[in-house]
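Notes to accompany the following structure.
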2 protein chains.
Amino acid sequence: MTKWVYTFGDGAAEGDASMRNLLGGKGANLAEMSRVGVPVPPGFTITTEVCTYYYENNHSYPADLKDQVMAALSAIEAKMGKKFGDAENPLLFSVRSGARVSMPGMMDTVLNLGLNDETVKGLAKISGNEKFAYDSYRRFIQMYGDVVMGVDSHKFEHVLDQVRETNGYQFDNQMTVEQLKDVVEQFKKICEDDGHPLPQNPIDQLWGGIGAVFGSWMVDRAIYYRKLNNIPGDWGTAVNVQTMVFGNSGDNSATGVCFSRDPATGENYFYGEYLKNAQGEDVVAGIRTPQPMTKLVKERRGIELPCMEEEFPALFKELSDIRAKLEAHYKDMQDMEFTIQDGKLWMLQTRNGKRTGTAALKIAVDMVREGLIDKETAILRVEAAQLDQLLHPMFDKNEKKDVIATGLPASPGAAVGEIVFSAEDAEKAAGEGRKVVLVRVETSPEDIAGMHVSQGILTARGGMTSHAAVVARGMGKPCVSGVPNLRIDYTAQTLTVDGVTLKAGDMISIDGTTGQVMAGALKLVVPEMAGDFGEFMGWVDSIRKLRVRANAETPTDAKTAKLFGAEGIGLCRTEHMFFDPSRINHMREMILANNEADRRKALAKLLPYQRQDFVDLFTIMDGLPVTIRLLDPPLHEFLPNKRSEQEEIAKEMGISVDEIIARTAQLHEANPMLGLRGCRLAIVYPEICEMQTQAIIEAALEVASKGIKVIPEIEVPLITSKKELEICKHIIDTTAEKVFAEKGAKVEYFVGTMIELPRAAILADEIAEVADFFEFGTNDLTQTTLGMSRDDAGSFLPTFVTKGIYSADPFQSLDQNGVGKLIAMACKSGRATKAGLYLSICGEHGGDPASIEYLNQYLDGVSCSPYRVPIARLAAAQAAVKAKKA
Amino acid sequence: MTKWVYTFGDGAAEGDASMRNLLGGKGANLAEMSRVGVPVPPGFTITTEVCTYYYENNHSYPADLKDQVMAALSAIEAKMGKKFGDAENPLLFSVRSGARVSMPGMMDTVLNLGLNDETVKGLAKISGNEKFAYDSYRRFIQMYGDVVMGVDSHKFEHVLDQVRETNGYQFDNQMTVEQLKDVVEQFKKICEDDGHPLPQNPIDQLWGGIGAVFGSWMVDRAIYYRKLNNIPGDWGTAVNVQTMVFGNSGDNSATGVCFSRDPATGENYFYGEYLKNAQGEDVVAGIRTPQPMTKLVKERRGIELPCMEEEFPALFKELSDIRAKLEAHYKDMQDMEFTIQDGKLWMLQTRNGKRTGTAALKIAVDMVREGLIDKETAILRVEAAQLDQLLHPMFDKNEKKDVIATGLPASPGAAVGEIVFSAEDAEKAAGEGRKVVLVRVETSPEDIAGMHVSQGILTARGGMTSHAAVVARGMGKPCVSGVPNLRIDYTAQTLTVDGVTLKAGDMISIDGTTGQVMAGALKLVVPEMAGDFGEFMGWVDSIRKLRVRANAETPTDAKTAKLFGAEGIGLCRTEHMFFDPSRINHMREMILANNEADRRKALAKLLPYQRQDFVDLFTIMDGLPVTIRLLDPPLHEFLPNKRSEQEEIAKEMGISVDEIIARTAQLHEANPMLGLRGCRLAIVYPEICEMQTQAIIEAALEVASKGIKVIPEIEVPLITSKKELEICKHIIDTTAEKVFAEKGAKVEYFVGTMIELPRAAILADEIAEVADFFEFGTNDLTQTTLGMSRDDAGSFLPTFVTKGIYSADPFQSLDQNGVGKLIAMACKSGRATKAGLYLSICGEHGGDPASIEYLNQYLDGVSCSPYRVPIARLAAAQAAVKAKKA
């Protein structure tokens, strides 16, 4: 017989903290608190397995669930000396959800369950507080009607509004008993008229509440939250049925929420809020101003209201002891809920508290110093993704924000500047020393230079993996993308959103961490890189196994990367270097050339620029390796679309515009992602590969001649076979030898390959014979393995994630089940051929903590955008700790 | 020590026929002939391994090769009683190439090697024929100069022209000795002036000849031939050095080429040609008309010239005996070369003769009847691809052809009709009962109906896998694609090629087997499906394991498929059904709809058409399974590009053209191949899947109610996970249950999936849990595994095949090394989950013999276009025979 129900409370419990998967976080902690002797109102937890059963069996329960629930109920009745539904001394329950991980506010809760027309009288009698009893009853009907029976909650609010209005009340607790009784009758009528009369039988109420909680696992907002937080839908929720205790049963009662340390700053003092004579929802609802816990906080913040330390000194002492006990027990900062009922303290919940990145870091470092946790545990305590908050400027939290629109938080950080509507204007303004925010419908590779000089980027279209988003994250520029209703009029030079119109030159502020867009210039604060940060990252680096490099092409990016601890450049995308206005036309000439001679002529013009690029990078990286990928994208990406640009090229090349247009049409591809690109370019046009190799080797020799160590790694993209790599390596080696002969000097260099197509992964054993290193290009590998174009997936991928086909967007977090298996296979077979093969990945996944954790077992290193380097370092350390513990 | 050199001749040999890989076909057969006692001029073979060594070591030879060659030379000198370079009694050699498989005319040959200013005198003396000696010498210089030293051959021809002109000669053999001696001097001068004096040392000549043969392995025409015939470049060629015998040393000498049976018809009689007093090249060159071998042929063809049977009765008898002996020995039709020197018969070569498809079939069937081979051997004797010749109409071989252009042989067979330049005109003309050939720059899905009613298709652009080519092969329509210089003027309604202009309505003839295009109407002959064909295919069917189905959507195709022995429909691409003019606008309405309600409205209009399609197919297939693939392509493929069509749709939908254009733009995808298509359509728009299922199930019930057995198999395309298939299967099952309930009847149906993306292959074990069958879509699986768009590969794939990166076009013949491994993996893991899983493939590879041979070990069946069904049946039988033998 499966055990579906676990009891807790009164110093004992059937479950414990380790049973989080089965009992949910809340249930496991209630059981654990009971076990360690904290006063917890008795109750029971219905397991997450029942939730799974419920959804797999057409919303029905296991046959033996009912008996187990009834048995648990009887046990509680015995403990509390009360009976559920007893008209004299009624037991009341709360019914709450509780998944493995907290999903605050996402699922349903019903309180005061067990009240009906009879038991409300018993409650009134036994509490000696008729007002409290009827207030509880009206709250119950309102909540049950809304949550369980689906009655429109506005109807209840309307009744309360009328009472308040008629009587000039400001708060609900000003209502008299008679008024409350009348409200109760009106509420019951509302339910009846809606076709859902309130069940009077408490057992029916209980099952209704349980069903509502399970049902709320699949409501849209919960599904959406899980999607955002990568929580699998099949985990399910548990249901916690717990004896009600009342913080609103008089002035010797109270309710509160507190943290064992400050969740915003991490400081080690008792933090929280409470309200006298109130239920928990009153604290959250913000109707009354909650009171502080301690004198310390009162003083610090200049609060006039009395604190708990003053109002309930004994209970404050008891609670402080529990705070210490629970923190020592869980060895982590606790987020607790408590209620005082008639002078008795009850703990309703404890859990590890959510915290800001700043707080997470401080608490972790402090707890190590306090001897509470070791360094490895500390490393696991800071969410890698949260580090982002420590690296980017933010808006002052205390300043009022005039939010005019909200889009996707595409690249974190805050930016302020004048609005410009084109990359050209951005460059011009930046040239004059003005700070700008580039606003576009969407961006394209031609905008790169303009993006570079902007403070931030705002686009009307595009998702989290749009061009703007990917490039901005790469540059560490704040970006808000995909703003609904944002209309941009390039001719009028205006943007309009929900009736607000701003024009070019107006100041705008965007927050890439939240997706908010504000009119005007907000104040920026640059977060302190506190000393704790450095110490913490030291622990991180001492434990991680994966080497972390950065994707970088420009000197700025390379410098940022080094500042953030990158151990080299893992991906230098040479094509990015060709979009500069001084070069793009030579590039276009090369592409539009009809024969090798003309191509070579154009390439010769590009050579000095490329060489200088590499001289700069080698110099900055100063002894660290630099992986340079040969030209990769389809050539038509570089071609001009505008007539004026086409005319310019035509003039430069001495041919007609029609010829330019014809050649452009000829280069058009049905599926450019799968076309003439990567090593295919080098094989069809060896002269391109020759020019790039010449630039790399000449730059390496030039820098080396100054006594700086250079480690050039030349990377061949998009191969499917050993032969392609051999052909490219031959071109590279021959060219390098020629340069060595000309210059009379040599430098060691390495030749490796991207593994970014399924065939390359399958044939990794053969390919390893000629490769010095493998770098997995997981963007393209994901596109081809899943048959899914990143640019086009917007029309179906959100549906796919919602339906659980993929547990997350596979372009943000590696598809471990599919792409991951190919990588694992290629790593094993590559290493079988060549034991010392250096294995790494680049691309979006290189900075994604979940992907890093998975890849830690296979790779030597990752490469990611400069601003994600600290995140990758931490994620790598966490993976190492977890691997060690497993 | 590696043995690089193998001797043969005079009743003994170091090699034999089994050593074809090492000695090449020619060398192995010379050895084998020597062993069985056929008179072969002694010689030796330098192995293919030397060729490999040569190319891997910068055109140098193994160190010990020289000694082995010199030893072999001495042995021959001993046997022949002559010395190489001996001024009195000189031994002369031929030097010929010989790869594993014959590559006729592709590589170089040098004859008469060993002649110089001294030995020519010896040859004159010993043969008593000075004219013959100097004629041989001038031929040698001409050949050696051209082949070994690269002297422009026109210079030699120019000298001969002058001699002929001056003396009024018609043939070279009219020259006098003095004239020949003068020619020799002039030839030597030409070589000297070219900087390449003729080596007088015979050993130098020998190494020059050997080097030229090895070098010719990598000349363009040889590389091209190998590419066309899928011969790997690393096989290399052997070099055969053989004692010269002379068919031109007088009237008691002759030379000839003969076949043991007629290579065109397969009839069992001695077939061939010979020339008295001539060298082999004279037979081939066509300067003199060759004579027939037998009286039989003389009579049959009404030839006046004397035959060998009359001129050399004794030697004819000896040759006939050798013919019988070799055919009995090799148990196959032989292609032989012989020379008679001064009344002595020498066999220079024997090999299995090339033959037409008709001949191959007849010879195979006859030899079984004659007890020479068993049925399994017979099955291996007919090249599967050759069957095509037996299935399509051809042009009468005897009719004169006015070839105006040659394009790619895109789809076999001959077609004659009036020129039309649009699908609409084709339909109109066909409606009036006229036969037409559709001529387009290229075709698109909108032309399908017009292609269907045409006799054949001619396109200016496109390769072997262009839309026109693929669709035409699918329909069994002749097609010539990619005709260089063909200009089509749609406005003027003309086509122009190399100065010839034809207009709409003019008759044109195209040959899709050869790629030829002729002006006017040629006579068509429909090849006989002789009784032998039926008998042979009976053997084929009794041995093959793979089931063969056809890809078919129309009743015509389904009937053809059944006629050709298809065991069901393996792929019915439902999207093809929507291009019919009566439906396309409903389809477009569906696609352009902005909401589900409008989509359902349009789908309701399509339902009756779809249902009737399936009623027809089920009725025709009469108890055979029919696999129906749900809608697969990106929706924008169906949208109108022409303004007039856009206006029509707009009117029908009651919206503006601008809205149509906007919606079309919205549907645009960067990489449609990797976009919203396949099961993604069914998941995002379940109503499409519902309509298709409803049509299938209703049709099945309707046909079943007439007492006809139906086996519907519903196939879900483009899945990457079990979950997608589950979701689609749920829609299908729910819809089917609804139809069953409505109609009060049931029918069994199956639900399976395409495996056409790498992730699906990787996760085949999970997917098999919910699939009744797997069908590998190797077109898409190749595109994604190789990251190569079929539509775009034209810009680099030819280069890739030439460079040996792929051994063949992976879209024509399965990439066994990459895609093949994924298929093998998926088959194994799918079967591990579900032992009875039916495994098959569809798409181009399903009709490719090499692919079928590889897949035979993994699959239950293949599906191919109707006209390739017999080919697939034969290829499957051949695979089974080979598997049995291995």
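As shown in the structure tokens, the chain order sets the letters A, B, ...; within each chain, residues go from 1, and ligands are also counted from 1 in the order they appear.
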> So which residues touch region 841-857 of chain B within 9 Å, counting only C-alpha atoms, skipping near sequence neighbours fewer than 2 positions away, as a PyMOL selection string?
Replying inline: chain B and resi 383-385+470+545-546+548-551+570-571+754-755+774-779+811-816+820+823-824+839+859-865+868-869+871-872+874-880+882-883
> Skipping near chain neighbours, those fewer than 4 positions away, what residues fall within 6 Å of region 127-143 of chain B using only C-alpha atoms, listed as a list in words?
Replying inline: Asn112, Val120, Leu123, Val147, Val177, Leu180, Val184 and Ser249 of chain B
>> Could you list, as a ChimeraX atom specification, every residue within 12 Å of Thr339 (chain A), counting only C-alpha atoms and ignoring same-chain residues fewer than 2 positions away?
In response: /A:39-41,244-249,252-258,273-281,283,315-316,319,336-337,341-349
> Within 8 Å of chain B, which residues of chain A show up when using only C-alpha atoms, listed as a VMD selection string?
Replying inline: chain A and resid 669 to 676 680 684 720 to 721 723 to 724 757 to 759 762 to 763 783 to 789 791 to 793 795 to 796 799 804 to 805 817 to 819 821
>> Applying 7 Å and only C-alpha atoms, which residues near region 60-73 of chain B remain after dropping the ones on its own chain fewer than 4 positions away? List them as a ChimeraX atom specification.
In response: /B:4-5,7,44,50,53-54,77
Next, dump the selected residues to file, keeping only N, CA, C and O atoms, as a compact mmCIF listing (two decimals), in the first residue's frame.
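Wrote selection_17.txt, looks like this:
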# COMPACT_ATOMS: atom_id res chain seq x y z
N TRP B 4 55.58 -5.59 -55.20
CA TRP B 4 54.94 -4.52 -55.97
C TRP B 4 54.64 -4.97 -57.40
O TRP B 4 53.91 -4.30 -58.11
N VAL B 5 55.29 -6.05 -57.83
CA VAL B 5 55.25 -6.43 -59.25
C VAL B 5 54.85 -7.90 -59.40
O VAL B 5 55.39 -8.75 -58.69
N THR B 7 54.19 -11.00 -62.31
CA THR B 7 54.34 -11.36 -63.73
C THR B 7 53.20 -12.26 -64.19
O THR B 7 52.50 -12.87 -63.40
N PHE B 44 54.04 -7.86 -66.99
CA PHE B 44 53.93 -7.79 -65.53
C PHE B 44 53.02 -6.61 -65.14
O PHE B 44 52.84 -5.67 -65.91
N VAL B 50 51.22 0.74 -55.44
CA VAL B 50 52.27 1.67 -55.87
C VAL B 50 51.64 3.03 -56.20
O VAL B 50 52.19 4.08 -55.89
N TYR B 53 50.94 4.73 -53.02
CA TYR B 53 52.23 5.20 -52.50
C TYR B 53 52.66 6.47 -53.24
O TYR B 53 53.08 7.46 -52.64
N TYR B 54 52.51 6.41 -54.56
CA TYR B 54 52.92 7.50 -55.44
C TYR B 54 52.26 8.81 -55.04
O TYR B 54 52.90 9.86 -54.93
N GLU B 77 62.15 -11.22 -70.86
CA GLU B 77 63.19 -11.35 -71.91
C GLU B 77 63.56 -12.82 -72.10
O GLU B 77 63.69 -13.30 -73.23
Write down as a short mmCIF file (atom, residue, chain, number, x, y, z; two decimals) with C-alpha atoms, in the first residue's frame the residues belonging to region 246-419 of chain B that are assigned alpha helix (DSSP H) by DSSP computed on the backbone.
data_model
loop_
_atom_site.label_atom_id
_atom_site.label_comp_id
_atom_site.auth_asym_id
_atom_site.auth_seq_id
_atom_site.Cartn_x
_atom_site.Cartn_y
_atom_site.Cartn_z
CA GLY B 280 43.84 -1.88 -81.88
CA GLU B 281 43.55 1.87 -82.03
CA ASP B 282 42.61 1.61 -85.71
CA VAL B 283 39.52 -0.41 -84.79
CA VAL B 284 38.45 2.19 -82.31
CA ALA B 285 39.45 5.22 -84.39
CA LYS B 295 28.86 -15.22 -91.27
CA LEU B 296 25.74 -14.97 -89.14
CA VAL B 297 26.29 -11.29 -88.51
CA LYS B 298 27.22 -10.68 -92.14
CA GLU B 299 23.92 -12.15 -93.22
CA ARG B 300 21.83 -10.48 -90.59
CA ARG B 301 23.14 -7.04 -91.26
CA MET B 308 36.99 -13.52 -89.73
CA GLU B 309 35.23 -16.85 -89.99
CA GLU B 310 36.00 -16.65 -93.74
CA GLU B 311 39.40 -14.94 -93.72
CA PRO B 313 39.00 -20.02 -90.41
CA ALA B 314 41.55 -21.85 -88.23
CA LEU B 315 42.25 -18.89 -86.00
CA PHE B 316 38.52 -18.16 -85.83
CA LYS B 317 38.03 -21.70 -84.56
CA GLU B 318 40.78 -21.18 -81.96
CA LEU B 319 39.25 -17.85 -80.91
CA SER B 320 35.77 -19.40 -80.71
CA ASP B 321 37.13 -22.07 -78.43
CA ILE B 322 38.75 -19.41 -76.29
CA ARG B 323 35.44 -17.51 -76.24
CA ALA B 324 33.71 -20.66 -74.91
CA LYS B 325 36.52 -21.41 -72.50
CA LEU B 326 36.63 -17.90 -71.02
CA GLU B 327 32.86 -17.60 -70.73
CA ALA B 328 32.71 -20.98 -69.01
CA HIS B 329 35.60 -19.94 -66.78
CA TYR B 330 34.26 -16.54 -65.80
CA GLY B 357 19.87 -3.35 -69.30
CA THR B 358 18.03 -5.43 -71.87
CA ALA B 359 21.13 -7.50 -72.56
CA ALA B 360 21.95 -7.89 -68.87
CA LEU B 361 18.53 -9.32 -68.20
CA LYS B 362 18.58 -11.68 -71.17
CA ILE B 363 22.11 -12.93 -70.49
CA ALA B 364 21.33 -13.53 -66.83
CA VAL B 365 18.13 -15.44 -67.57
CA ASP B 366 19.76 -17.42 -70.41
CA MET B 367 22.78 -18.38 -68.32
CA VAL B 368 20.49 -19.73 -65.60
CA ARG B 369 18.72 -21.79 -68.24
CA LYS B 375 19.44 -17.61 -59.86
CA GLU B 376 21.20 -15.74 -57.10
CA THR B 377 24.12 -15.02 -59.38
CA ALA B 378 21.70 -13.99 -62.11
CA ILE B 379 20.15 -11.48 -59.73
CA LEU B 380 23.56 -9.91 -59.13
CA ARG B 381 24.21 -9.71 -62.89
CA ASP B 388 15.08 1.90 -65.69
CA GLN B 389 15.85 1.33 -69.37
CA LEU B 390 13.25 -1.40 -69.49
CA LEU B 391 10.50 0.69 -67.95
#
> So how far away is CA of Leu387 (chain B) from CA of Gly413 (chain B), in Å?
Replying inline: 11.8 Å
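Note that CA of Phe421 (chain A) and CA of Arg440 (chain A) are 5.9 Å apart.
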